[in-house]
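Okay, protein-v1.csv is below, CSV, C-alpha atoms:
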```
chain,number,residue,atom,x,y,z
A,1,MET,CA,42.2,96.6,260.6
A,2,GLY,CA,45.5,95.2,259.4
A,3,GLU,CA,44.0,91.9,258.5
A,4,THR,CA,43.9,90.7,254.9
A,5,ILE,CA,40.7,89.5,253.3
A,6,ASN,CA,41.6,85.8,253.8
A,7,GLN,CA,42.4,86.3,257.4
A,8,LEU,CA,39.1,88.1,257.9
A,9,LYS,CA,37.2,85.3,256.2
A,10,GLN,CA,38.9,82.7,258.4
A,11,THR,CA,38.2,84.7,261.5
A,12,ARG,CA,34.5,85.1,260.6
A,13,ARG,CA,34.2,81.3,259.8
A,14,THR,CA,35.8,80.5,263.2
A,15,GLN,CA,33.2,82.8,264.9
A,16,ARG,CA,30.3,81.1,263.1
A,17,LYS,CA,31.8,77.7,264.1
A,18,LEU,CA,32.1,78.6,267.7
A,19,ARG,CA,28.5,79.9,267.8
A,20,THR,CA,27.1,76.5,266.6
A,21,SER,CA,29.6,74.2,268.3
A,22,GLY,CA,27.5,74.1,271.5
A,23,SER,CA,24.4,72.9,269.7
A,24,VAL,CA,25.9,70.4,267.2
A,25,ARG,CA,27.2,67.5,269.3
A,26,GLY,CA,27.6,63.9,268.3
A,27,THR,CA,26.4,61.1,270.5
A,28,THR,CA,26.8,57.3,270.2
A,29,GLU,CA,23.3,57.0,268.7
A,30,ARG,CA,23.7,60.0,266.4
A,31,PRO,CA,27.3,60.9,265.7
A,32,ARG,CA,28.4,64.2,264.1
A,33,LEU,CA,29.2,64.5,260.4
A,34,SER,CA,31.8,67.2,260.2
A,35,ILE,CA,33.2,68.6,257.0
A,36,PHE,CA,36.2,70.7,256.1
A,37,ARG,CA,36.8,72.2,252.7
A,38,SER,CA,40.0,73.6,251.4
A,39,VAL,CA,40.6,75.2,247.9
A,40,LYS,CA,41.8,71.9,246.5
A,41,ASN,CA,40.1,69.2,248.5
A,42,ILE,CA,37.1,68.3,250.7
A,43,TYR,CA,37.1,66.1,253.8
A,44,ALA,CA,34.3,64.5,255.9
A,45,GLN,CA,34.4,62.7,259.2
A,46,VAL,CA,31.8,60.9,261.3
A,47,ILE,CA,32.7,61.6,265.0
A,48,ASP,CA,31.3,60.3,268.3
A,49,ASP,CA,31.9,63.2,270.6
A,50,THR,CA,31.1,61.2,273.8
A,51,THR,CA,34.2,59.0,273.3
A,52,GLY,CA,36.1,61.5,271.1
A,53,LYS,CA,36.7,59.0,268.3
A,54,THR,CA,36.4,59.3,264.6
A,55,LEU,CA,34.2,56.4,263.4
A,56,VAL,CA,34.7,56.8,259.6
A,57,ALA,CA,36.4,59.4,257.4
A,58,ALA,CA,36.5,60.2,253.7
A,59,SER,CA,38.4,62.8,251.6
A,60,SER,CA,39.1,63.6,248.0
A,61,LEU,CA,42.7,62.6,248.6
A,62,GLU,CA,41.9,58.9,249.0
A,63,LYS,CA,43.3,56.8,246.2
A,64,ASP,CA,40.1,54.9,245.4
A,65,VAL,CA,38.1,58.1,245.2
A,66,ARG,CA,40.7,60.3,243.5
A,67,GLY,CA,40.7,58.1,240.4
A,68,THR,CA,37.0,58.9,239.7
A,69,MET,CA,37.3,62.7,239.8
A,70,LYS,CA,39.3,65.3,237.8
A,71,HIS,CA,39.6,67.9,240.6
A,72,GLY,CA,39.1,67.4,244.4
A,73,GLY,CA,37.8,70.9,245.1
A,74,ASN,CA,34.5,71.1,243.1
A,75,LYS,CA,30.9,70.1,243.6
A,76,GLY,CA,31.3,66.9,241.8
A,77,ALA,CA,34.1,65.8,244.1
A,78,ALA,CA,32.0,66.9,247.1
A,79,ALA,CA,29.1,64.7,245.9
A,80,GLU,CA,31.4,61.8,245.5
A,81,ILE,CA,32.7,62.2,249.0
A,82,GLY,CA,29.2,62.5,250.3
A,83,LYS,CA,28.3,59.1,248.7
A,84,THR,CA,31.6,57.6,250.1
A,85,ILE,CA,31.1,58.8,253.7
A,86,ALA,CA,27.5,57.6,253.7
A,87,ALA,CA,28.5,54.1,252.4
A,88,LYS,CA,31.2,53.8,255.0
A,89,ALA,CA,29.0,55.0,257.8
A,90,ILE,CA,26.2,52.7,256.9
A,91,ALA,CA,28.7,49.8,256.8
A,92,LYS,CA,29.7,50.7,260.4
A,93,GLY,CA,26.0,50.7,261.5
A,94,VAL,CA,25.5,54.5,261.6
A,95,THR,CA,22.3,55.7,259.8
A,96,GLN,CA,21.6,59.0,261.6
A,97,VAL,CA,24.0,61.9,261.9
A,98,ALA,CA,24.1,65.5,263.2
A,99,PHE,CA,25.4,67.6,260.3
A,100,ASP,CA,28.2,70.0,261.3
A,101,ARG,CA,28.9,72.6,258.6
A,102,ASN,CA,32.0,73.7,260.5
A,103,GLY,CA,31.1,77.4,260.0
A,104,TYR,CA,30.7,77.2,256.2
A,105,ARG,CA,27.5,78.4,254.4
A,106,TYR,CA,25.1,75.6,253.4
A,107,HIS,CA,25.8,76.3,249.7
A,108,GLY,CA,27.9,74.9,246.8
A,109,ARG,CA,30.2,72.1,247.9
A,110,VAL,CA,28.8,71.8,251.4
A,111,LYS,CA,25.3,71.4,250.0
A,112,ALA,CA,26.4,68.9,247.3
A,113,LEU,CA,28.1,66.7,250.0
A,114,ALA,CA,25.1,66.8,252.2
A,115,ASP,CA,22.6,66.0,249.4
A,116,ALA,CA,24.7,63.1,248.2
A,117,ALA,CA,25.0,61.7,251.7
A,118,ARG,CA,21.2,61.9,252.2
A,119,LYS,CA,20.6,60.3,248.8
A,120,ALA,CA,23.0,57.5,249.8
A,121,GLY,CA,21.0,56.7,252.9
A,122,LEU,CA,22.2,58.9,255.8
A,123,LYS,CA,19.5,60.7,257.8
A,124,PHE,CA,20.3,64.2,259.1
```
Spell out the structure here as structure tokens.
Amino acid sequence: MGETINQLKQTRRTQRKLRTSGSVRGTTERPRLSIFRSVKNIYAQVIDDTTGKTLVAASSLEKDVRGTMKHGGNKGAAAEIGKTIAAKAIAKGVTQVAFDRNGYRYHGRVKALADAARKAGLKF
């Protein structure tokens, strides 16, 4: 019980991630949309797990996106990244994805990113 609160949260997220990693897999027809959120930023990738390649990626650190937002770690930034990743994926010919929450609850920034990506044309 010598873990701090942050270490415990990270351990629990990793456990949730491992539980769902077997069921959420990306194929060539339906790649995986994986997200990662930190305190200051949010990142999204569309990954084809059969070849192990990232098809498109977007984050709140990109110069063209960063100019439109005040802070990269809020719901507004997550929605912007959702729109961006959807536009990039559709440009590459990807319309359907498997959504990988990466162990995070479907709430707040994760939900904002997913909703914006759906609104921009991606199908989950």
Handout entry: Residue nearest A:Val24 - candidates A:Phe36, A:Phe99, A:Tyr104, A:Tyr43, atoms counted: all atoms listed in the file
Key =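 Closest residue, counting all atoms listed in the file: A:Phe99.
When all atoms listed in the file are used to compute distances to A:Gly108, the closest of the residues A:Ile85, A:Thr4, A:Ile42, A:Val56 turns out to be A:Ile42.
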Handout entry: Selection: 6 Å around A:Gly72, only C-alpha atoms, excl. self and same-chain fewer than 3 positions, as a ChimeraX atom specification
Key = /A:40-41,60,77
Problem - Two-atom distance - atom CA of A:Ala78, atom CA of A:Leu8 (Å) - result: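 Computing it gives 24.8 Å between the two atoms.
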Problem - Selected residue of minimal separation from A:Lys17 among A:Val110, A:Val65, A:Thr51, A:Ser34, counting all atoms listed in the file - result: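 Residue with the minimum atom-to-atom distance to A:Lys17: A:Ser34.
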Practice task
Considering all atoms listed in the file, state which residue in the set A:Val46, A:Asn102, A:Lys53, A:Arg16 is at the smallest distance from A:Ala117.
Solution key: A:Val46
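Counting only C-alpha atoms, the residue from A:Arg101, A:Arg13, A:Arg118, A:His107 that sits nearest to A:Ile35 is A:Arg101.
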Find the spatial neighbours of stretch 96-98 of chain A, counting all atoms listed in the file, within a cut-off of 10 Å - ignore same-chain residues fewer than 5 positions away - and output them as a tab-separated table (two decimals) with C-alpha atoms, in the coordinates of the input.
```
chain	number	residue	atom	x	y	z
A	23	SER	CA	24.40	72.90	269.70
A	24	VAL	CA	25.90	70.40	267.20
A	25	ARG	CA	27.20	67.50	269.30
A	26	GLY	CA	27.60	63.90	268.30
A	27	THR	CA	26.40	61.10	270.50
A	28	THR	CA	26.80	57.30	270.20
A	29	GLU	CA	23.30	57.00	268.70
A	30	ARG	CA	23.70	60.00	266.40
A	31	PRO	CA	27.30	60.90	265.70
A	32	ARG	CA	28.40	64.20	264.10
A	33	LEU	CA	29.20	64.50	260.40
A	34	SER	CA	31.80	67.20	260.20
A	46	VAL	CA	31.80	60.90	261.30
A	47	ILE	CA	32.70	61.60	265.00
A	48	ASP	CA	31.30	60.30	268.30
A	86	ALA	CA	27.50	57.60	253.70
A	89	ALA	CA	29.00	55.00	257.80
A	90	ILE	CA	26.20	52.70	256.90
A	118	ARG	CA	21.20	61.90	252.20
A	121	GLY	CA	21.00	56.70	252.90
A	122	LEU	CA	22.20	58.90	255.80
A	123	LYS	CA	19.50	60.70	257.80
A	124	PHE	CA	20.30	64.20	259.10
```
Completion exercise
Min atom-atom distance to A:Gly67 from the set A:Glu80, A:Asp100, A:Gln7, A:Gly22, counting only C-alpha atoms, belongs to A:Glu80
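Look at A:Thr14: the protein and nucleic acid residues within 7 Å of it, using all atoms listed in the file and passing over chain neighbours fewer than 4 places away, are A:Gln10, A:Leu18, A:Gly103.
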Practice task
Could you jot down the atom CA of A:Lys92 to atom CA of A:Arg105 separation for me, Å, one decimal place?
Solution key: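 Answer for the atom CA of A:Lys92 to atom CA of A:Arg105 separation: 28.4 Å.
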Exercise for the section: Have a look at atom CA of A:Tyr106 and atom CA of A:Lys75 and let me know their distance in Å, one decimal. Expected result: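 Calculated distance between atom CA of A:Tyr106 and atom CA of A:Lys75 is 12.6 Å.
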